[in-house]
Structure formats: C-alpha cells, structure tokens
>>> print(open('coords-v6.txt').read())   # compact mmCIF, C-alpha atoms
# COMPACT_ATOMS: atom_id res chain seq x y z
CA MET S 1403 -119.57 -9.69 5.22
CA SER S 1404 -119.38 -12.05 2.26
CA ALA S 1405 -121.21 -15.35 2.12
CA LYS S 1406 -119.42 -18.39 3.37
CA GLY S 1407 -117.47 -20.24 0.73
CA LYS S 1408 -117.36 -17.20 -1.59
CA HIS S 1409 -114.12 -15.46 -2.31
CA ARG S 1410 -114.06 -11.93 -3.56
CA ARG S 1411 -111.50 -11.07 -6.19
CA PRO S 1412 -109.24 -8.59 -4.55
CA LYS S 1413 -109.19 -5.17 -6.20
CA GLN S 1414 -105.98 -4.31 -7.95
CA HIS S 1415 -103.97 -1.47 -6.41
CA ARG S 1416 -102.64 1.23 -8.72
CA ILE S 1417 -99.12 0.07 -7.96
CA ALA S 1418 -99.24 -3.47 -9.18
CA ARG S 1419 -96.51 -5.88 -10.05
CA ARG S 1420 -97.09 -7.22 -13.50
CA LEU S 1421 -95.27 -9.75 -15.58
CA ALA S 1422 -93.96 -9.22 -19.07
CA PHE S 1423 -92.73 -11.97 -21.23
CA ALA S 1424 -89.84 -11.56 -23.56
CA GLY S 1425 -88.95 -14.17 -26.08
CA THR S 1426 -85.43 -15.55 -25.91
CA GLY S 1427 -85.23 -18.25 -28.46
CA GLY S 1428 -88.02 -20.70 -27.65
CA ALA S 1429 -88.26 -19.95 -23.90
CA ALA S 1430 -90.33 -17.33 -22.18
CA LEU S 1431 -88.67 -15.03 -19.68
CA ALA S 1432 -90.77 -13.22 -17.09
CA LEU S 1433 -89.61 -9.68 -16.40
CA PRO S 1434 -91.16 -7.58 -13.62
CA LEU S 1435 -92.43 -4.15 -14.57
CA ILE S 1436 -93.13 -1.52 -11.95
CA GLY S 1437 -95.76 1.05 -12.72
CA ALA S 1438 -95.03 4.72 -12.21
CA THR S 1439 -96.55 6.38 -9.23
CA THR S 1440 -96.19 9.96 -10.38
CA ALA S 1441 -96.89 11.63 -13.68
CA GLY S 1442 -93.93 12.09 -15.99
CA ALA S 1443 -91.75 9.40 -14.40
CA ALA S 1444 -89.90 7.19 -16.87
CA VAL S 1445 -90.48 3.46 -16.87
CA THR S 1446 -87.18 1.69 -16.34
CA GLN S 1447 -86.74 -1.64 -18.04
CA PRO S 1448 -83.66 -3.86 -18.04
CA ALA S 1449 -82.09 -4.13 -21.47
CA VAL S 1450 -82.15 -7.58 -23.05
CA ALA S 1451 -78.76 -8.39 -24.53
CA PRO S 1452 -78.88 -10.07 -27.94
CA ALA S 1453 -77.65 -13.64 -28.17
CA THR S 1454 -73.89 -13.65 -28.78
CA SER S 1455 -71.15 -16.21 -29.07
CA THR S 1456 -69.84 -17.65 -25.85
CA LEU S 1457 -66.33 -16.51 -26.88
CA ALA S 1458 -65.42 -13.01 -25.68
CA ARG S 1459 -64.41 -10.68 -28.51
CA PRO S 1460 -61.19 -8.81 -27.78
CA ALA S 1461 -61.51 -5.08 -27.40
CA VAL S 1462 -60.47 -3.20 -30.53
CA GLN S 1463 -57.95 -0.48 -29.79
CA PRO S 1464 -57.97 2.59 -32.04
CA ALA S 1465 -55.06 2.62 -34.44
CA VAL S 1466 -52.31 5.03 -33.45
CA GLN S 1467 -51.09 7.00 -36.44
CA PRO S 1468 -47.35 7.72 -36.50
CA ALA S 1469 -46.40 11.37 -36.41
CA VAL S 1470 -45.70 12.36 -40.00
CA GLN S 1471 -44.07 15.65 -40.82
CA PRO S 1472 -45.85 17.44 -43.69
CA ALA S 1473 -44.13 17.03 -47.02
CA ALA S 1474 -43.96 20.78 -47.55
CA GLU S 1475 -42.13 21.22 -44.26
CA ASN S 1476 -39.68 18.43 -45.11
CA ALA S 1477 -39.00 20.04 -48.45
CA ALA S 1478 -38.13 23.32 -46.75
CA LEU S 1479 -35.57 21.76 -44.44
CA PRO S 1480 -32.00 22.81 -45.31
CA LEU S 1481 -29.95 19.88 -46.58
CA THR S 1482 -26.18 19.66 -46.59
CA TYR S 1483 -23.68 16.92 -47.31
CA SER S 1484 -20.10 16.53 -46.11
CA VAL S 1485 -17.80 15.15 -48.80
CA VAL S 1486 -15.90 11.94 -48.01
CA GLY S 1487 -13.09 10.19 -49.83
CA GLY S 1488 -14.12 8.68 -53.17
CA ASP S 1489 -17.06 11.04 -53.67
CA THR S 1490 -17.82 12.70 -57.00
CA LEU S 1491 -20.43 15.33 -57.79
CA SER S 1492 -22.25 12.80 -60.00
CA LYS S 1493 -22.40 10.25 -57.18
CA ILE S 1494 -23.59 12.78 -54.61
CA ALA S 1495 -26.23 14.17 -56.98
CA ALA S 1496 -27.52 10.66 -57.73
CA ASP S 1497 -27.50 9.53 -54.09
CA HIS S 1498 -29.47 12.59 -52.97
CA SER S 1499 -31.73 12.92 -56.05
CA VAL S 1500 -30.52 16.44 -56.80
CA SER S 1501 -32.73 17.94 -59.51
CA GLY S 1502 -30.53 18.89 -62.45
CA GLY S 1503 -27.80 16.40 -61.56
CA TRP S 1504 -24.17 17.21 -60.87
CA GLN S 1505 -24.33 20.38 -62.99
CA THR S 1506 -26.88 21.93 -60.65
CA LEU S 1507 -24.99 20.69 -57.59
CA TYR S 1508 -21.81 22.30 -58.93
CA ALA S 1509 -23.54 25.57 -59.82
CA ASP S 1510 -25.03 25.79 -56.32
CA ASN S 1511 -21.65 25.17 -54.65
CA ARG S 1512 -19.13 26.66 -57.07
CA SER S 1513 -17.87 29.16 -54.50
CA VAL S 1514 -16.93 26.22 -52.23
CA ILE S 1515 -15.67 23.76 -54.85
CA GLY S 1516 -13.70 26.12 -57.06
CA ALA S 1517 -13.17 26.25 -60.82
CA ASP S 1518 -12.76 22.49 -61.38
CA PRO S 1519 -15.92 20.43 -60.70
CA SER S 1520 -13.97 17.18 -60.99
CA VAL S 1521 -11.92 18.00 -57.88
CA ILE S 1522 -13.74 17.95 -54.54
CA ARG S 1523 -11.84 17.37 -51.36
CA PRO S 1524 -13.10 15.49 -48.29
CA GLY S 1525 -14.55 17.71 -45.60
CA LEU S 1526 -16.28 20.17 -47.95
CA THR S 1527 -19.87 20.91 -46.96
CA LEU S 1528 -22.15 21.07 -49.99
CA ARG S 1529 -25.63 22.52 -50.03
CA LEU S 1530 -28.34 20.32 -51.53
CA GLY S 1531 -31.75 21.23 -52.86
CA ALA S 1532 -33.68 23.75 -50.76
CA ALA S 1533 -30.59 24.94 -48.87
CA ALA S 1534 -28.76 25.76 -52.10
CA LYS S 1535 -31.76 27.63 -53.49
CA ALA S 1536 -32.16 29.63 -50.27
CA ALA S 1537 -28.44 30.54 -50.24
CA ALA S 1538 -28.59 31.63 -53.89
CA ALA S 1539 -31.65 33.78 -53.17
CA ARG S 1540 -29.89 35.43 -50.21
CA ALA S 1541 -26.79 36.10 -52.30
CA THR S 1542 -28.91 37.66 -55.05
CA ALA S 1543 -30.74 39.84 -52.53
CA VAL S 1544 -27.46 41.03 -50.95
CA THR S 1545 -25.96 41.82 -54.35
CA ALA S 1546 -29.06 43.70 -55.43
CA ALA S 1547 -29.07 45.72 -52.20
CA ALA S 1548 -25.35 46.53 -52.44
CA VAL S 1549 -25.43 47.83 -56.02
CA LYS S 1550 -27.05 51.21 -56.51
CA PRO S 1551 -27.74 52.56 -59.97
CA ALA S 1552 -25.61 55.50 -61.09
CA ALA S 1553 -28.79 57.51 -61.66
CA THR S 1554 -29.20 57.70 -57.89
CA TYR S 1555 -26.45 60.34 -57.69
CA ALA S 1556 -26.17 63.65 -59.46
CA ASN S 1557 -23.06 64.18 -61.59
CA ASN S 1558 -21.80 67.08 -59.50
CA LEU S 1559 -19.91 67.66 -56.26
CA ASP S 1560 -22.96 66.93 -54.13
CA GLY S 1561 -23.62 63.63 -55.94
CA TRP S 1562 -19.93 62.61 -55.84
CA ILE S 1563 -19.73 63.16 -52.09
CA ARG S 1564 -22.96 61.28 -51.43
CA GLU S 1565 -21.90 58.31 -53.56
CA SER S 1566 -18.52 58.23 -51.81
CA LEU S 1567 -20.21 58.28 -48.39
CA ASP S 1568 -22.35 55.26 -49.34
CA ILE S 1569 -19.26 53.33 -50.48
CA MET S 1570 -17.38 54.36 -47.34
CA ALA S 1571 -20.24 53.13 -45.16
CA ARG S 1572 -20.09 49.69 -46.77
CA HIS S 1573 -16.34 49.51 -46.09
CA GLY S 1574 -16.44 50.96 -42.57
CA ILE S 1575 -14.57 54.15 -43.50
CA PRO S 1576 -15.55 57.10 -41.25
CA GLY S 1577 -16.32 60.58 -42.54
CA SER S 1578 -19.12 63.09 -42.92
CA TYR S 1579 -20.52 65.19 -45.75
CA ASN S 1580 -19.34 68.41 -44.13
CA GLY S 1581 -15.84 67.07 -43.45
CA ILE S 1582 -15.40 66.00 -47.07
CA HIS S 1583 -16.91 69.16 -48.55
CA ARG S 1584 -14.74 71.44 -46.39
CA ASN S 1585 -11.51 69.71 -47.46
CA VAL S 1586 -12.51 69.48 -51.12
CA MET S 1587 -13.12 73.24 -51.29
CA ARG S 1588 -9.74 73.97 -49.68
CA GLU S 1589 -7.77 71.50 -51.83
CA SER S 1590 -9.35 71.89 -55.29
CA SER S 1591 -12.33 74.28 -55.11
CA GLY S 1592 -14.44 71.37 -56.34
CA ASN S 1593 -12.50 70.78 -59.58
CA PRO S 1594 -12.01 66.99 -60.13
CA LEU S 1595 -9.23 67.69 -62.69
CA ALA S 1596 -7.17 69.91 -60.40
CA ILE S 1597 -3.43 69.13 -60.29
CA ASN S 1598 -0.56 70.64 -58.32
CA ASN S 1599 2.50 71.09 -60.53
CA TRP S 1600 4.63 73.25 -58.26
CA ASP S 1601 5.17 71.62 -54.82
CA SER S 1602 7.74 69.02 -53.70
CA ASN S 1603 5.54 66.12 -54.81
CA ALA S 1604 5.33 67.60 -58.30
CA ALA S 1605 9.12 68.06 -58.29
CA ALA S 1606 9.42 64.35 -57.42
CA GLY S 1607 7.19 63.44 -60.37
CA ILE S 1608 4.13 62.51 -58.34
CA PRO S 1609 1.89 65.59 -58.35
CA SER S 1610 -1.25 65.78 -56.23
CA LYS S 1611 -4.43 65.24 -58.25
CA GLY S 1612 -8.19 65.47 -58.07
CA LEU S 1613 -10.76 66.79 -55.66
CA LEU S 1614 -8.74 65.98 -52.53
CA GLN S 1615 -5.28 66.30 -54.13
CA VAL S 1616 -4.00 62.74 -53.70
CA ILE S 1617 -0.64 61.60 -55.13
CA ASP S 1618 -0.70 58.39 -57.20
CA PRO S 1619 1.18 56.15 -54.70
CA THR S 1620 -1.27 57.10 -51.94
CA PHE S 1621 -4.24 56.64 -54.25
CA ARG S 1622 -3.11 53.13 -55.19
CA ALA S 1623 -2.36 52.16 -51.58
CA TYR S 1624 -5.75 53.34 -50.29
CA HIS S 1625 -7.90 52.67 -53.34
CA VAL S 1626 -11.29 51.24 -52.32
CA PRO S 1627 -12.72 48.29 -54.31
CA GLY S 1628 -15.81 49.19 -56.30
CA THR S 1629 -14.43 52.55 -57.45
CA ALA S 1630 -12.51 53.44 -60.61
CA MET S 1631 -8.75 52.94 -60.69
CA ASP S 1632 -8.30 56.56 -61.74
CA SER S 1633 -7.19 59.27 -59.34
CA TYR S 1634 -9.05 61.90 -61.41
CA ASP S 1635 -12.35 60.04 -60.96
CA PRO S 1636 -14.17 62.16 -58.37
CA VAL S 1637 -15.77 59.31 -56.40
CA ALA S 1638 -12.60 57.18 -56.44
CA ASN S 1639 -10.50 60.20 -55.42
CA ILE S 1640 -12.73 61.17 -52.49
CA THR S 1641 -13.06 57.58 -51.25
CA ALA S 1642 -9.32 56.82 -51.41
CA ALA S 1643 -8.44 60.14 -49.73
CA CYS S 1644 -10.95 59.46 -46.91
CA ASN S 1645 -9.54 55.96 -46.48
CA TYR S 1646 -6.03 57.43 -46.16
CA ALA S 1647 -7.23 60.15 -43.76
CA ALA S 1648 -8.98 57.54 -41.60
CA ALA S 1649 -5.78 55.50 -41.34
CA ARG S 1650 -3.60 58.49 -40.48
CA TYR S 1651 -5.91 60.94 -38.67
CA GLY S 1652 -8.91 58.83 -37.64
CA SER S 1653 -11.27 60.53 -40.13
CA ILE S 1654 -11.37 63.11 -42.89
CA ASP S 1655 -13.36 65.17 -40.37
CA ASN S 1656 -10.14 65.65 -38.38
CA VAL S 1657 -8.26 67.16 -41.35
CA ASN S 1658 -8.24 70.95 -41.41
CA GLY S 1659 -5.12 71.70 -43.49
CA ALA S 1660 -2.47 70.09 -45.63
CA TYR S 1661 -2.38 66.37 -45.01
>>> encode(input="coords-v6.txt", output="structure tokens")
Amino acid sequence: MSAKGKHRRPKQHRIARRLAFAGTGGAALALPLIGATTAGAAVTQPAVAPATSTLARPAVQPAVQPAVQPAAENAALPLTYSVVGGDTLSKIAADHSVSGGWQTLYADNRSVIGADPSVIRPGLTLRLGAAAKAAAARATAVTAAAVKPAATYANNLDGWIRESLDIMARHGIPGSYNGIHRNVMRESSGNPLAINNWDSNAAAGIPSKGLLQVIDPTFRAYHVPGTAMDSYDPVANITAACNYAAARYGSIDNVNGAY
C-alpha cells in the first residue's frame, strides 16, 4: 500500500490514447491517434483538407468531342448532283470544287450530257469527284475484260470457232463447239471462201458464202456487233449464222441439214 498523500503515476497501457497536434493556420488542432494492437496493422489517420475558398468550385465535366468522320472516308463517298434550271457545268464545278473545272466534269459525264457541254437539261444526274473516278475505273475494267487480243485464237478453224463462241457468249447466243464444227464440215468442209454458185439462191443473185454458207441478206440481218461486216470473214460468218440459227431453230446445235 502506498504512503498516505502520495500518488503513484499510473502505468501506461500499451493501447493508449495520445494526442497529435496539427497546425491549421495559427491554431492547434488535437487529433486522436489509436495505436495498433497487432503487428502489421495500418495506422488510420483522418486526412486534413487544405484550406480552400469558401466558394464551391463547380465540377468540371469532360468535353464531349463531336463524332467526326475521317477525311479519307468522306473523300471516298460517292457524290452526285442533280441538274436544275439555270445550271451550267462551270457553275456546278465551281460550287462543288471539282478538280479540273468544268472540263473534268464534262469528261466524267460525257455519256450522260452528250456531245455539247453547253447544253445540260434539268434532271440529269452528274457524278462528281470520287464517284466519277470510280465509274471511269469500272468502265475501263469492263472494256479491258471484254476485249481479247487476236493472238488468243489460232488462225484456223479451231481458233475461228472458239473466238465465235466467246462473242456469242457475250451476246447470249446459244451454241456449242461440236454443233458449229459439225455444220461447218457439212456446209463448206472448213473452207471460209466457199461459195455456192448453182442453187436457187445463186440463181437469184444471192449465193451462199463462207464456212456456214450464209446468203448476204441473212448475214446483214443477223450480223453481230464486234465482228467484221464481211460474210467471208470466218468469225463473222460463224457468229451471224449461229445468231440466225438461234432465232429460227433455237440453236445451231439443232441444225443437222440444210437450213
């Protein structure tokens, strides 16, 4: 027991409440700190907010960027213009910034406008810029695909028949290699200069000519564009004769005698 009038200083417990002082301007602020009771525990301390203005600052919203289409994509979009009264090619080219001016606009749309660039009628749809270039590229590709060099075909009966079949296919004229070959051998034995000077057609002044023995009126009536205007030309003769046979018999394949 302690002596009377003496006070023992109580022993501090491991968990003790302590005071920490943080400066806030010129005043002292007491903040309680709680000691950890287990190893590894984090000491939690209230954050001290810095002194700020008494006026609340409005929240800043992130800027919303408008949706912008890439320039390259815009440039690829097909552009067309419908002519209205009072329009001229110069005006349209200037209004739409057509590179090359009215001359380019006319060149790109000549098939629509016609031979006179000074006359454009309301309602015409003209291609501008990328659309005109794309159309020109497609036209060039189609033309290149449609034209085959003469060297592709041999200058003999086999080559003549094959070239004729390719032309017939482009014009929707039916017929097969065997059907053509069979009739050629019967009519002319494969001689493109064969002519019949003894039958009724010859007596009438229109003898049968060529590989498939076609008279001139029939050749002219069934001539196929892209071939020579000469009934002795082997490819032109075969193609015209097959065109005639298709109209009358359904196909040269259905012809097995005089026709």
>>> closest_residue(input="coords-v6.txt", among="S:Gly1659, S:Gly1652, S:Gly1516, S:Gly1628", to="S:His1573", atoms="only C-alpha atoms")
S:Gly1628
>>> residues_around(input="coords-v6.txt", residues="S:Val1485", least_positions_apart="5", cutoff="7 Å", atoms="only C-alpha atoms", output="JSON list (two decimals) with C-alpha atoms, keeping the file's coordinate frame")
[["chain", "number", "residue", "atom", "x", "y", "z"],
["S", 1523, "ARG", "CA", -11.84, 17.37, -51.36],
["S", 1524, "PRO", "CA", -13.10, 15.49, -48.29],
["S", 1525, "GLY", "CA", -14.55, 17.71, -45.60],
["S", 1526, "LEU", "CA", -16.28, 20.17, -47.95],
["S", 1527, "THR", "CA", -19.87, 20.91, -46.96]]
>>> residues_around(input="coords-v6.txt", residues="stretch 1632-1637 of chain S", least_positions_apart="4", cutoff="6 Å", atoms="only C-alpha atoms", output="ChimeraX atom specification")
/S:1562,1566,1594-1595,1612
>>> atom_distance(input="coords-v6.txt", atom1="atom CA of S:Arg1622", atom2="atom CA of S:Asn1585")
20.1 Å
>>> residues_around(input="coords-v6.txt", residues="S:Ser1590", least_positions_apart="2", cutoff="9 Å", atoms="all atoms listed in the file", output="list in words")
Asn1585, Val1586, Met1587, Arg1588, Gly1592, Asn1593, Pro1594, Leu1595, Ala1596, Ile1597, Lys1611, Gly1612, Leu1613, Leu1614 and Gln1615 of chain S
>>> axis_aligned_box(input="coords-v6.txt", around="stretch 1582-1594 of chain S", padding_each_side="6 Å", output="lines of an AutoDock Vina configuration file")
center_x = -12.3
center_y = 70.1
center_z = -53.3
size_x = 21.1
size_y = 20.3
size_z = 25.7
>>> atom_distance(input="coords-v6.txt", atom1="atom CA of S:Val1626", atom2="atom CA of S:Ala1648")
12.6 Å
>>> residues_near_point(input="coords-v6.txt", point="(-19.4, 60.6, -44.1)", cutoff="9 Å", atoms="only C-alpha atoms", output="ChimeraX atom specification")
/S:1563-1564,1566-1568,1570-1571,1575-1582,1644,1654-1655
>>> residues_around(input="coords-v6.txt", residues="stretch 1495-1507 of chain S", least_positions_apart="3", cutoff="12 Å", atoms="all atoms listed in the file", output="tab-separated table (two decimals) with C-alpha atoms, in the coordinates of the input")
chain	number	residue	atom	x	y	z
S	1481	LEU	CA	-29.95	19.88	-46.58
S	1482	THR	CA	-26.18	19.66	-46.59
S	1483	TYR	CA	-23.68	16.92	-47.31
S	1485	VAL	CA	-17.80	15.15	-48.80
S	1489	ASP	CA	-17.06	11.04	-53.67
S	1490	THR	CA	-17.82	12.70	-57.00
S	1491	LEU	CA	-20.43	15.33	-57.79
S	1492	SER	CA	-22.25	12.80	-60.00
S	1510	ASP	CA	-25.03	25.79	-56.32
S	1511	ASN	CA	-21.65	25.17	-54.65
S	1512	ARG	CA	-19.13	26.66	-57.07
S	1513	SER	CA	-17.87	29.16	-54.50
S	1514	VAL	CA	-16.93	26.22	-52.23
S	1515	ILE	CA	-15.67	23.76	-54.85
S	1518	ASP	CA	-12.76	22.49	-61.38
S	1519	PRO	CA	-15.92	20.43	-60.70
S	1520	SER	CA	-13.97	17.18	-60.99
S	1522	ILE	CA	-13.74	17.95	-54.54
S	1527	THR	CA	-19.87	20.91	-46.96
S	1528	LEU	CA	-22.15	21.07	-49.99
S	1529	ARG	CA	-25.63	22.52	-50.03
S	1530	LEU	CA	-28.34	20.32	-51.53
S	1531	GLY	CA	-31.75	21.23	-52.86
S	1532	ALA	CA	-33.68	23.75	-50.76
S	1533	ALA	CA	-30.59	24.94	-48.87
S	1534	ALA	CA	-28.76	25.76	-52.10
S	1535	LYS	CA	-31.76	27.63	-53.49
S	1538	ALA	CA	-28.59	31.63	-53.89
>>> atom_distance(input="coords-v6.txt", atom1="atom CA of S:Gly1607", atom2="atom CA of S:Ala1623")
17.2 Å
>>> closest_residue(input="coords-v6.txt", among="S:Pro1627, S:Gly1488, S:Pro1619, S:Gly1574", to="S:Ala1606", atoms="all atoms listed in the file")
S:Pro1619
>>> residues_around(input="coords-v6.txt", residues="S:Pro1609", least_positions_apart="6", cutoff="8 Å", atoms="only C-alpha atoms", output="ChimeraX atom specification")
/S:1597-1599,1601,1603,1617-1618
>>> write_last_selection(input="coords-v6.txt", atoms="C-alpha atoms", output="short mmCIF file (atom, residue, chain, number, x, y, z; two decimals), keeping the file's coordinate frame")
data_model
loop_
_atom_site.label_atom_id
_atom_site.label_comp_id
_atom_site.auth_asym_id
_atom_site.auth_seq_id
_atom_site.Cartn_x
_atom_site.Cartn_y
_atom_site.Cartn_z
CA ILE S 1597 -3.43 69.13 -60.29
CA ASN S 1598 -0.56 70.64 -58.32
CA ASN S 1599 2.50 71.09 -60.53
CA ASP S 1601 5.17 71.62 -54.82
CA ASN S 1603 5.54 66.12 -54.81
CA ILE S 1617 -0.64 61.60 -55.13
CA ASP S 1618 -0.70 58.39 -57.20
#
>>> decode(input="coords-v6.txt", residues="stretch 1544-1606 of chain S", atoms="C-alpha atoms", output="PDB file, in the first residue's frame")
ATOM      1  CA  VAL S1544     -15.152  -3.814-118.187  1.00  0.00           C
ATOM      2  CA  THR S1545     -13.711  -2.716-121.532  1.00  0.00           C
ATOM      3  CA  ALA S1546     -10.394  -4.389-120.813  1.00  0.00           C
ATOM      4  CA  ALA S1547     -12.139  -7.622-119.802  1.00  0.00           C
ATOM      5  CA  ALA S1548     -14.400  -7.614-122.872  1.00  0.00           C
ATOM      6  CA  VAL S1549     -11.626  -7.145-125.442  1.00  0.00           C
ATOM      7  CA  LYS S1550      -9.415 -10.141-126.052  1.00  0.00           C
ATOM      8  CA  PRO S1551      -6.278  -9.873-128.146  1.00  0.00           C
ATOM      9  CA  ALA S1552      -6.365 -11.586-131.540  1.00  0.00           C
ATOM     10  CA  ALA S1553      -3.309 -13.613-130.515  1.00  0.00           C
ATOM     11  CA  THR S1554      -5.544 -15.557-128.135  1.00  0.00           C
ATOM     12  CA  TYR S1555      -7.021 -17.509-131.060  1.00  0.00           C
ATOM     13  CA  ALA S1556      -5.286 -19.556-133.704  1.00  0.00           C
ATOM     14  CA  ASN S1557      -5.896 -18.550-137.320  1.00  0.00           C
ATOM     15  CA  ASN S1558      -7.559 -21.822-138.235  1.00  0.00           C
ATOM     16  CA  LEU S1559     -10.959 -23.491-137.929  1.00  0.00           C
ATOM     17  CA  ASP S1560     -10.427 -24.326-134.265  1.00  0.00           C
ATOM     18  CA  GLY S1561      -9.469 -20.722-133.437  1.00  0.00           C
ATOM     19  CA  TRP S1562     -12.347 -19.268-135.505  1.00  0.00           C
ATOM     20  CA  ILE S1563     -14.907 -21.418-133.719  1.00  0.00           C
ATOM     21  CA  ARG S1564     -13.503 -20.600-130.283  1.00  0.00           C
ATOM     22  CA  GLU S1565     -13.461 -16.860-130.975  1.00  0.00           C
ATOM     23  CA  SER S1566     -17.028 -17.029-132.278  1.00  0.00           C
ATOM     24  CA  LEU S1567     -18.159 -18.900-129.152  1.00  0.00           C
ATOM     25  CA  ASP S1568     -16.687 -16.173-126.918  1.00  0.00           C
ATOM     26  CA  ILE S1569     -18.500 -13.453-128.893  1.00  0.00           C
ATOM     27  CA  MET S1570     -21.720 -15.469-128.833  1.00  0.00           C
ATOM     28  CA  ALA S1571     -21.465 -15.854-125.056  1.00  0.00           C
ATOM     29  CA  ARG S1572     -21.238 -12.083-124.616  1.00  0.00           C
ATOM     30  CA  HIS S1573     -24.360 -11.622-126.750  1.00  0.00           C
ATOM     31  CA  GLY S1574     -26.362 -14.503-125.274  1.00  0.00           C
ATOM     32  CA  ILE S1575     -26.339 -16.572-128.484  1.00  0.00           C
ATOM     33  CA  PRO S1576     -26.531 -20.336-127.774  1.00  0.00           C
ATOM     34  CA  GLY S1577     -24.348 -22.927-129.469  1.00  0.00           C
ATOM     35  CA  SER S1578     -21.579 -25.415-128.814  1.00  0.00           C
ATOM     36  CA  TYR S1579     -18.217 -26.201-130.382  1.00  0.00           C
ATOM     37  CA  ASN S1580     -19.429 -29.561-131.653  1.00  0.00           C
ATOM     38  CA  GLY S1581     -22.640 -28.119-133.109  1.00  0.00           C
ATOM     39  CA  ILE S1582     -20.725 -25.467-135.049  1.00  0.00           C
ATOM     40  CA  HIS S1583     -17.968 -27.815-136.208  1.00  0.00           C
ATOM     41  CA  ARG S1584     -20.447 -30.430-137.448  1.00  0.00           C
ATOM     42  CA  ASN S1585     -22.364 -27.905-139.564  1.00  0.00           C
ATOM     43  CA  VAL S1586     -19.224 -26.205-140.888  1.00  0.00           C
ATOM     44  CA  MET S1587     -17.857 -29.518-142.169  1.00  0.00           C
ATOM     45  CA  ARG S1588     -21.151 -30.334-143.910  1.00  0.00           C
ATOM     46  CA  GLU S1589     -21.617 -26.867-145.456  1.00  0.00           C
ATOM     47  CA  SER S1590     -18.075 -25.905-146.516  1.00  0.00           C
ATOM     48  CA  SER S1591     -15.587 -28.566-145.375  1.00  0.00           C
ATOM     49  CA  GLY S1592     -13.918 -25.808-143.370  1.00  0.00           C
ATOM     50  CA  ASN S1593     -13.202 -23.500-146.331  1.00  0.00           C
ATOM     51  CA  PRO S1594     -14.005 -19.859-145.362  1.00  0.00           C
ATOM     52  CA  LEU S1595     -14.055 -18.849-149.070  1.00  0.00           C
ATOM     53  CA  ALA S1596     -16.565 -21.498-150.138  1.00  0.00           C
ATOM     54  CA  ILE S1597     -19.430 -20.252-152.333  1.00  0.00           C
ATOM     55  CA  ASN S1598     -22.447 -21.988-153.843  1.00  0.00           C
ATOM     56  CA  ASN S1599     -22.990 -20.883-157.438  1.00  0.00           C
ATOM     57  CA  TRP S1600     -25.547 -23.449-158.536  1.00  0.00           C
ATOM     58  CA  ASP S1601     -28.615 -23.496-156.223  1.00  0.00           C
ATOM     59  CA  SER S1602     -31.748 -21.303-156.250  1.00  0.00           C
ATOM     60  CA  ASN S1603     -30.092 -18.622-154.117  1.00  0.00           C
ATOM     61  CA  ALA S1604     -27.252 -18.368-156.624  1.00  0.00           C
ATOM     62  CA  ALA S1605     -29.814 -18.149-159.448  1.00  0.00           C
ATOM     63  CA  ALA S1606     -31.430 -15.246-157.561  1.00  0.00           C
TER      64      ALA S1606
END
